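Asks: Structure file structure32.txt (compact mmCIF, C-alpha atoms and all ligand atoms) is given on the next line.
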# COMPACT_ATOMS: atom_id res chain seq x y z
CA MET A 39 -65.91 -67.60 50.58
CA PRO A 40 -68.54 -70.00 51.89
CA LEU A 41 -67.08 -72.83 53.93
CA LEU A 42 -67.71 -76.47 53.10
CA GLY A 43 -66.11 -78.86 55.57
CA PRO A 44 -64.13 -78.29 58.74
CA LEU A 45 -62.63 -74.93 59.63
CA THR A 46 -59.02 -74.65 60.72
CA GLU A 47 -57.10 -71.45 61.36
CA THR A 48 -55.28 -71.88 58.03
CA ILE A 49 -58.45 -72.58 56.08
CA GLY A 50 -60.02 -69.53 57.74
CA VAL A 51 -57.17 -67.32 56.45
CA LEU A 52 -57.49 -68.81 52.96
CA LEU A 53 -61.25 -68.28 52.80
CA ARG A 54 -60.97 -64.65 53.94
CA HIS A 55 -58.60 -63.84 51.05
CA CYS A 56 -59.33 -60.71 49.12
CA SER A 57 -56.75 -58.76 47.10
CA ILE A 58 -55.77 -55.52 48.83
CA ARG A 59 -54.74 -52.50 46.76
CA LYS A 60 -54.61 -49.78 49.44
CA TYR A 61 -52.14 -49.88 52.34
CA LYS A 62 -51.34 -48.02 55.53
CA PRO A 63 -47.86 -46.44 55.51
CA ASN A 64 -46.60 -48.64 58.39
CA PRO A 65 -43.49 -50.60 57.42
CA ILE A 66 -43.46 -54.38 57.65
CA PRO A 67 -41.20 -55.56 60.50
CA ASP A 68 -38.04 -57.29 59.26
CA GLU A 69 -38.86 -60.47 61.13
CA TRP A 70 -42.24 -60.62 59.37
CA LEU A 71 -40.45 -60.48 56.03
CA ASP A 72 -38.19 -63.27 57.29
CA ALA A 73 -41.26 -65.38 58.12
CA ILE A 74 -42.85 -64.65 54.74
CA VAL A 75 -39.70 -65.71 52.85
CA SER A 76 -39.29 -68.81 55.04
CA ALA A 77 -42.89 -69.78 54.26
CA ALA A 78 -42.20 -69.29 50.54
CA GLN A 79 -39.12 -71.51 50.71
CA ALA A 80 -41.04 -74.24 52.51
CA ALA A 81 -43.22 -74.82 49.43
CA SER A 82 -42.95 -78.03 47.46
CA SER A 83 -40.65 -77.79 44.46
CA SER A 84 -40.39 -79.90 41.33
CA SER A 85 -37.38 -82.28 41.83
CA HIS A 86 -36.36 -79.79 44.52
CA MET A 87 -35.02 -77.46 41.81
CA GLN A 88 -36.27 -74.37 43.69
CA ALA A 89 -36.27 -72.59 40.37
CA TYR A 90 -37.22 -69.09 41.51
CA THR A 91 -35.71 -65.90 42.85
CA ILE A 92 -37.58 -63.28 44.87
CA ILE A 93 -36.49 -59.66 44.53
CA ALA A 94 -37.61 -57.16 47.17
CA VAL A 95 -37.70 -53.80 45.41
CA THR A 96 -36.55 -51.42 48.12
CA ASN A 97 -35.22 -48.47 46.12
CA ASP A 98 -37.86 -45.73 45.63
CA VAL A 99 -36.68 -44.74 42.16
CA THR A 100 -36.63 -48.35 40.95
CA ARG A 101 -40.06 -48.91 42.49
CA SER A 102 -41.46 -45.88 40.73
CA LYS A 103 -40.00 -46.96 37.35
CA LEU A 104 -41.38 -50.44 37.92
CA GLY A 105 -44.79 -48.94 38.68
CA GLU A 106 -44.74 -47.17 35.32
CA LEU A 107 -43.86 -50.40 33.53
CA CYS A 108 -46.72 -52.27 35.20
CA GLY A 109 -49.48 -49.96 33.96
CA GLU A 110 -51.61 -47.13 35.30
CA ALA A 111 -54.05 -49.40 37.16
CA ASN A 112 -51.23 -50.90 39.24
CA ARG A 113 -48.87 -47.94 39.63
CA THR A 114 -50.44 -46.26 42.66
CA PHE A 115 -50.63 -49.27 44.96
CA MET A 116 -47.27 -50.59 43.76
CA VAL A 117 -45.54 -47.38 44.74
CA GLN A 118 -47.54 -46.97 47.94
CA CYS A 119 -47.14 -50.46 49.43
CA PRO A 120 -44.42 -50.93 52.06
CA LEU A 121 -43.14 -54.13 50.44
CA PHE A 122 -43.02 -55.03 46.77
CA LEU A 123 -41.69 -58.42 45.72
CA VAL A 124 -40.90 -59.52 42.18
CA TRP A 125 -41.21 -63.27 41.71
CA CYS A 126 -38.84 -64.48 39.03
CA ALA A 127 -38.86 -67.91 37.46
CA ASP A 128 -35.18 -68.81 37.49
CA LEU A 129 -33.33 -71.53 35.58
CA ASN A 130 -30.13 -69.49 35.44
CA ARG A 131 -28.84 -70.67 38.82
CA LEU A 132 -29.64 -74.31 38.05
CA ASP A 133 -27.92 -74.03 34.67
CA ALA A 134 -24.75 -72.72 36.32
CA VAL A 135 -24.86 -75.42 39.01
CA VAL A 136 -25.21 -78.38 36.61
CA GLU A 137 -22.67 -76.90 34.20
CA GLU A 138 -20.11 -76.70 36.97
CA ALA A 139 -21.01 -80.06 38.49
CA ALA A 140 -21.36 -82.14 35.33
CA GLY A 141 -20.85 -79.99 32.23
CA LEU A 142 -24.61 -80.08 31.58
CA GLN A 143 -27.07 -77.45 30.41
CA VAL A 144 -30.64 -77.03 31.60
CA PRO A 145 -32.90 -77.62 28.59
CA ALA A 146 -34.70 -74.28 28.42
CA ASP A 147 -37.78 -75.90 26.90
CA ILE A 148 -41.49 -75.75 27.73
CA GLU A 149 -41.12 -78.49 30.37
CA HIS A 150 -38.52 -76.49 32.28
CA LEU A 151 -40.38 -73.25 31.73
CA LEU A 152 -43.38 -74.90 33.40
CA ILE A 153 -41.25 -76.29 36.23
CA ALA A 154 -39.83 -72.87 37.01
CA SER A 155 -43.23 -71.14 36.70
CA VAL A 156 -44.96 -73.65 38.96
CA ASP A 157 -42.15 -73.56 41.55
CA THR A 158 -42.36 -69.77 41.59
CA ALA A 159 -46.14 -69.71 41.93
CA LEU A 160 -46.18 -72.27 44.74
CA ALA A 161 -43.58 -70.31 46.71
CA ALA A 162 -45.45 -67.06 46.10
CA GLN A 163 -48.78 -68.45 47.25
CA ASN A 164 -47.13 -69.76 50.43
CA ALA A 165 -45.79 -66.24 51.00
CA ALA A 166 -49.23 -64.77 50.35
CA LEU A 167 -50.82 -67.07 52.89
CA ALA A 168 -48.12 -66.32 55.46
CA ALA A 169 -48.59 -62.58 54.93
CA GLU A 170 -52.36 -62.82 55.22
CA SER A 171 -52.06 -64.92 58.37
CA LEU A 172 -50.09 -62.01 59.88
CA GLY A 173 -52.95 -59.64 59.06
CA LEU A 174 -51.27 -58.18 55.97
CA GLY A 175 -52.96 -57.72 52.60
CA ILE A 176 -51.48 -58.70 49.25
CA VAL A 177 -52.18 -58.44 45.57
CA TYR A 178 -50.42 -60.22 42.74
CA VAL A 179 -49.24 -58.02 39.86
CA GLY A 180 -49.25 -59.77 36.50
CA GLY A 181 -48.79 -56.28 35.03
CA ILE A 182 -45.10 -56.94 35.52
CA ARG A 183 -45.29 -58.85 32.23
CA ASN A 184 -46.58 -55.79 30.33
CA HIS A 185 -42.99 -54.77 29.54
CA PRO A 186 -40.88 -57.75 30.59
CA ALA A 187 -37.71 -56.58 28.83
CA GLY A 188 -37.88 -53.21 30.63
CA VAL A 189 -38.45 -54.95 33.97
CA SER A 190 -35.57 -57.35 33.33
CA LYS A 191 -33.22 -54.50 32.47
CA LEU A 192 -34.29 -52.50 35.53
CA LEU A 193 -33.76 -55.44 37.89
CA GLY A 194 -30.71 -56.94 36.13
CA LEU A 195 -32.36 -60.27 35.36
CA PRO A 196 -29.93 -62.66 33.62
CA ARG A 197 -30.70 -65.16 30.83
CA LEU A 198 -32.97 -68.09 31.68
CA THR A 199 -34.93 -65.96 34.15
CA PHE A 200 -38.12 -63.95 33.74
CA PRO A 201 -40.44 -61.90 35.94
CA LEU A 202 -43.55 -64.04 36.49
CA PHE A 203 -45.52 -61.59 38.65
CA GLY A 204 -45.07 -58.99 41.34
CA MET A 205 -46.70 -58.89 44.75
CA SER A 206 -47.63 -55.81 46.77
CA ILE A 207 -47.78 -56.44 50.51
CA GLY A 208 -48.79 -54.15 53.35
CA PHE A 209 -51.21 -53.40 56.18
CA PRO A 210 -54.69 -53.16 54.61
CA ASP A 211 -56.28 -49.74 54.41
CA GLU A 212 -59.44 -50.98 52.72
CA ASN A 213 -61.92 -53.75 53.29
CA PRO A 214 -63.29 -54.70 49.87
CA LEU A 215 -66.12 -57.09 49.17
CA GLN A 216 -64.84 -60.56 48.40
CA ARG A 217 -65.09 -61.65 44.78
CA PRO A 218 -67.48 -64.58 44.42
CA ARG A 219 -65.87 -67.75 43.04
CA LEU A 220 -67.26 -70.10 40.42
CA PRO A 221 -69.65 -72.67 41.88
CA ARG A 222 -67.92 -75.79 43.10
CA SER A 223 -69.91 -77.88 40.58
CA VAL A 224 -68.15 -76.00 37.77
CA VAL A 225 -64.55 -76.54 38.89
CA PHE A 226 -64.76 -79.88 40.67
CA HIS A 227 -65.61 -82.96 38.61
CA GLU A 228 -65.72 -86.51 39.88
CA GLY A 229 -64.35 -89.54 38.05
CA ARG A 230 -63.76 -87.89 34.68
CA TYR A 231 -63.96 -84.51 32.98
CA ASP A 232 -67.55 -83.32 32.64
CA ALA A 233 -67.57 -81.01 29.63
CA GLY A 234 -71.10 -79.71 30.26
CA ALA A 235 -70.72 -79.20 34.00
CA TRP A 236 -70.57 -75.44 33.92
CA LYS A 237 -73.33 -74.54 31.49
CA GLU A 238 -76.31 -74.23 33.84
CA ASP A 239 -74.56 -73.05 36.97
CA ILE A 240 -72.70 -70.32 35.18
CA VAL A 241 -75.94 -68.44 34.51
CA GLU A 242 -76.63 -67.94 38.20
CA TYR A 243 -72.95 -67.19 38.80
CA ASP A 244 -73.07 -64.43 36.18
CA SER A 245 -75.99 -62.82 38.05
CA GLU A 246 -74.14 -63.11 41.36
CA HIS A 247 -71.05 -61.57 39.77
CA SER A 248 -73.14 -58.71 38.31
CA ARG A 249 -74.58 -57.95 41.76
CA TYR A 250 -71.07 -58.08 43.24
CA THR A 251 -69.63 -55.71 40.61
CA ASN A 252 -72.52 -53.34 41.04
CA GLU A 253 -72.05 -53.15 44.79
CA ARG A 254 -68.25 -52.94 44.67
CA SER A 255 -68.22 -50.23 41.99
CA GLY A 256 -70.93 -48.17 43.67
CA GLY A 257 -73.25 -48.71 40.71
CA HIS A 258 -70.70 -47.81 37.98
CA SER A 259 -70.63 -51.29 36.48
CA SER A 260 -72.58 -54.50 36.76
CA ILE A 261 -70.55 -56.66 34.42
CA SER A 262 -71.08 -60.42 34.60
CA TRP A 263 -68.16 -62.83 34.95
CA THR A 264 -68.67 -63.98 31.35
CA GLY A 265 -68.62 -60.38 30.14
CA ARG A 266 -65.47 -59.63 32.13
CA MET A 267 -63.70 -62.69 30.76
CA ALA A 268 -64.58 -61.74 27.18
CA ASP A 269 -63.16 -58.28 27.85
CA ARG A 270 -59.96 -59.66 29.38
CA ILE A 271 -59.36 -62.14 26.58
CA ALA A 272 -59.96 -59.48 23.93
CA ASN A 273 -57.25 -57.41 25.62
CA SER A 274 -54.73 -60.16 26.38
CA ARG A 275 -51.02 -59.42 26.64
CA SER A 276 -48.92 -60.58 23.72
CA GLY A 277 -45.25 -60.69 22.86
CA PHE A 278 -44.08 -62.64 25.91
CA ALA A 279 -42.80 -65.53 23.79
CA THR A 280 -40.46 -63.17 21.92
CA PHE A 281 -39.11 -61.89 25.22
CA LEU A 282 -38.60 -65.45 26.50
CA LYS A 283 -36.63 -66.36 23.39
CA ASP A 284 -34.38 -63.35 24.03
CA GLN A 285 -33.86 -64.70 27.56
CA GLY A 286 -32.55 -67.97 26.14
CA PHE A 287 -35.69 -70.14 26.20
CA ARG A 288 -36.33 -72.57 23.36
CA LEU A 289 -40.07 -72.61 22.69
C1 LIG B 301 -50.94 -64.18 38.56
C2 LIG B 301 -51.87 -63.07 38.96
C3 LIG B 301 -51.70 -61.81 38.41
C4 LIG B 301 -52.51 -60.75 38.83
N1 LIG B 301 -52.27 -59.50 38.32
C5 LIG B 301 -52.95 -58.43 38.80
C6 LIG B 301 -52.61 -57.12 38.38
O1 LIG B 301 -51.72 -56.90 37.56
N2 LIG B 301 -53.30 -56.08 38.93
C7 LIG B 301 -54.28 -56.27 39.87
O2 LIG B 301 -54.85 -55.28 40.34
N3 LIG B 301 -54.63 -57.52 40.28
C8 LIG B 301 -53.99 -58.60 39.78
N4 LIG B 301 -54.28 -59.87 40.22
C9 LIG B 301 -55.34 -60.07 41.21
C10 LIG B 301 -56.58 -60.70 40.61
O3 LIG B 301 -57.26 -59.73 39.86
C11 LIG B 301 -57.46 -61.22 41.75
O4 LIG B 301 -56.76 -62.19 42.48
C12 LIG B 301 -58.76 -61.85 41.23
O5 LIG B 301 -59.53 -60.89 40.56
C13 LIG B 301 -59.59 -62.42 42.38
O6 LIG B 301 -59.84 -61.42 43.33
P1 LIG B 301 -59.38 -61.57 44.83
O7 LIG B 301 -57.91 -61.89 44.85
O8 LIG B 301 -59.68 -60.25 45.49
O9 LIG B 301 -60.19 -62.66 45.42
C14 LIG B 301 -53.53 -60.95 39.78
C15 LIG B 301 -53.71 -62.23 40.32
C16 LIG B 301 -52.89 -63.27 39.93
C17 LIG B 301 -53.08 -64.64 40.54
Let me see whether you can do it: turn the structure in this file into structure tokens.
Replies:
Amino acid sequence: MPLLGPLTETIGVLLRHCSIRKYKPNPIPDEWLDAIVSAAQAASSSSHMQAYTIIAVTNDVTRSKLGELCGEANRTFMVQCPLFLVWCADLNRLDAVVEEAAGLQVPADIEHLLIASVDTALAAQNAALAAESLGLGIVYVGGIRNHPAGVSKLLGLPRLTFPLFGMSIGFPDENPLQRPRLPRSVVFHEGRYDAGAWKEDIVEYDSEHSRYTNERSGGHSSISWTGRMADRIANSRSGFATFLKDQGFRL
């Protein structure tokens, strides 16, 4: 990523980010995992609810079953990585705590679903940054929501929890080209929302993205960002709301 503004060590790590999907077999030292989890727990949390649980999937058979549930594109690197974490949004613990303390129930509504999802994502991104600062590579795995009921059964997730995403972590065994980001003018507006901000700049971004895809795929594809987004939206996951209702959420 191009740098605007001052460079610190942390900003340097952030700007070098690139998802890694191929890992060396070396295990991650236990104390590195400790540091990664500590970094996750240091994240800000809505009302300090800390509404997440991290599951390190250590058993090979479970990992392999999980890989199958997350789809063919993810299976290989999920099984191969030395550390796989499942990040669960978790209102179950809070519900039990307030029930015992005051006879209350956590309202499992959209507000609390958002609180738990945001808490989980903030902790996960802290962990990702910590891992990358140690020279490890990571990739998020939203594929964990392809079959959320199967994942929940496999990992024993109780009501008022759900798997938000997985994360593969390991020593990088590839050095992919970084994906270009949207121009700053598109995502950063001053004063008020500028509905037309993206229209012109997106044309050049699409060309840049086409060149990037072409280079990264060795000439197999040169899809623009717009084209890729249309493809992704046409093939969106569905059915998650039904699963959430089964987990006790009121949507
Ligand atoms: C919540 C979330 C879910 C993701 N799920 C997947 C996934 O299932 N499989 C995968 O290969 N990459 C996945 N990614 C990685 C994105 O594709 C990647 O971050 C994005 O294309 C930008 O590329 P970069 O991380 O290399 O800069 C996911 C990223 C996020 C934030």
Asks: Can you pull out the residues contacting range 274-281 of chain A? Cut-off 8 Å, using only C-alpha atoms, and skip same-chain residues under 2 positions away; I want them as a compact mmCIF listing (two decimals) with C-alpha atoms, in the frame of the given file.
Replies:
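And here's out01.txt as it stands now:
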# COMPACT_ATOMS: atom_id res chain seq x y z
CA ARG A 183 -45.29 -58.85 32.23
CA ASN A 184 -46.58 -55.79 30.33
CA PRO A 186 -40.88 -57.75 30.59
CA ALA A 187 -37.71 -56.58 28.83
CA ARG A 270 -59.96 -59.66 29.38
CA ILE A 271 -59.36 -62.14 26.58
CA ALA A 272 -59.96 -59.48 23.93
CA LYS A 283 -36.63 -66.36 23.39
CA ASP A 284 -34.38 -63.35 24.03
CA GLN A 285 -33.86 -64.70 27.56
CA LEU A 289 -40.07 -72.61 22.69
Asks: Neighbouring residues of Pro120 in chain A were defined as those with any atom within 9 Å, considering only C-alpha atoms; residues of the same chain fewer than 4 positions away were excluded. Please report them as JSON, numbers by chain.
Replies: {"A": [61, 62, 63, 64, 65, 66, 96, 116, 206, 207, 208, 209]}
Asks: Ligand LIG 301 (chain B): which residues are within 9 Å, counting only C-alpha atoms and all ligand atoms? Reply as a PyMOL selection string.
Replies: chain A and resi 54-59+108-109+111-112+115+159+163+176-184+202-205+214-219
Asks: Taking all listed atoms of range 69-80 of chain A, build the axis-aligned box, pad each of the six sides by 3 Å, then write its centre and edge lengths in Å to one decimal as JSON.
Replies:
{"center_x": -40.5, "center_y": -67.4, "center_z": 55.8, "size_x": 10.7, "size_y": 19.8, "size_z": 16.6}
Asks: Using only C-alpha atoms, can you tell me which of A:Asp211, A:Val136, A:Leu152, A:Val95 comes closest to Val124 in chain A?
Replies: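 Under the stated criterion, the closest residue is A:Val95.
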Asks: Within 9 Å of (-40.3, -69.0, 42.0) (coordinates as in the file), grab all the protein and nucleic acid residues, counting only C-alpha atoms, and write them out as a list in words.
Replies: Ala78, Gln88, Ala89, Tyr90, Thr91, Ile92, Trp125, Cys126, Ala127, Asp128, Ala154, Ser155, Val156, Asp157, Thr158, Ala159, Leu160, Ala161, Ala162 and Leu202 of chain A
Asks: Which neighbours of Ser248 in chain A fall inside 9 Å, counting all atoms listed in the file, when residues of the same chain fewer than 6 positions from it are skipped, and could you give them as a list in words?
Replies: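 Answer for this query is Ser259, Ser260, Ile261, Ser262 and Trp263 of chain A.
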Asks: Quick check, in Å to one decimal: how far apart do CA of Leu45 in chain A and CA of Ala165 in chain A lie?
Replies: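 Computing it gives 20.8 Å between the two atoms.
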Asks: Expressed in Å to a single decimal, how great is the separation between CA of Gln79 in chain A and CA of Arg288 in chain A?
Replies: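 It comes out at 27.5 Å.
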Asks: Could you tell me how far CA of Asn273 in chain A lies from CA of Met39 in chain A, in Å and to one decimal?
Replies: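 Computed distance, CA of Asn273 in chain A to CA of Met39 in chain A, equals 28.3 Å.
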Asks: Could you list, as a list of chain:residue names, every residue within 12 Å of Val225 in chain A, counting all atoms listed in the file and ignoring same-chain residues fewer than 6 positions away?
Replies: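 Close residues of Val225 in chain A: A:Arg219, A:Tyr231, A:Asp232, A:Ala233, A:Gly234, A:Ala235, A:Trp236, A:Lys237, A:Asp239, A:Ile240.
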Asks: Hey, which of A:Tyr243, A:Phe122, A:Phe226, A:Phe200 ends up closest to Gly188 in chain A? Count only C-alpha atoms.
Replies: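 Checking each of A:Tyr243, A:Phe122, A:Phe226, A:Phe200 against Gly188 in chain A, counting only C-alpha atoms, the winner is A:Phe200.
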Asks: Measuring between all atoms listed in the file, which one of A:Leu41, A:Cys119, A:Ala81, A:Leu195 shows the shortest distance to Leu174 in chain A?
Replies: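 Nearest to Leu174 in chain A: A:Cys119.
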Asks: Please determine, counting all atoms listed in the file, which residue among A:Ile148, A:Gly229, A:Val224, A:Val189 has the shortest atom-to-atom distance to Ser102 in chain A.
Replies: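 With all atoms listed in the file as the atom set, the closest residue is A:Val189.
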Asks: Mind checking which residues fall within 9 Å of Leu198 in chain A, counting all atoms listed in the file, ignoring those fewer than 5 positions away in the same chain, and posting them as number ranges by chain?
Replies: A: 127-131, 133, 146, 282, 285-287
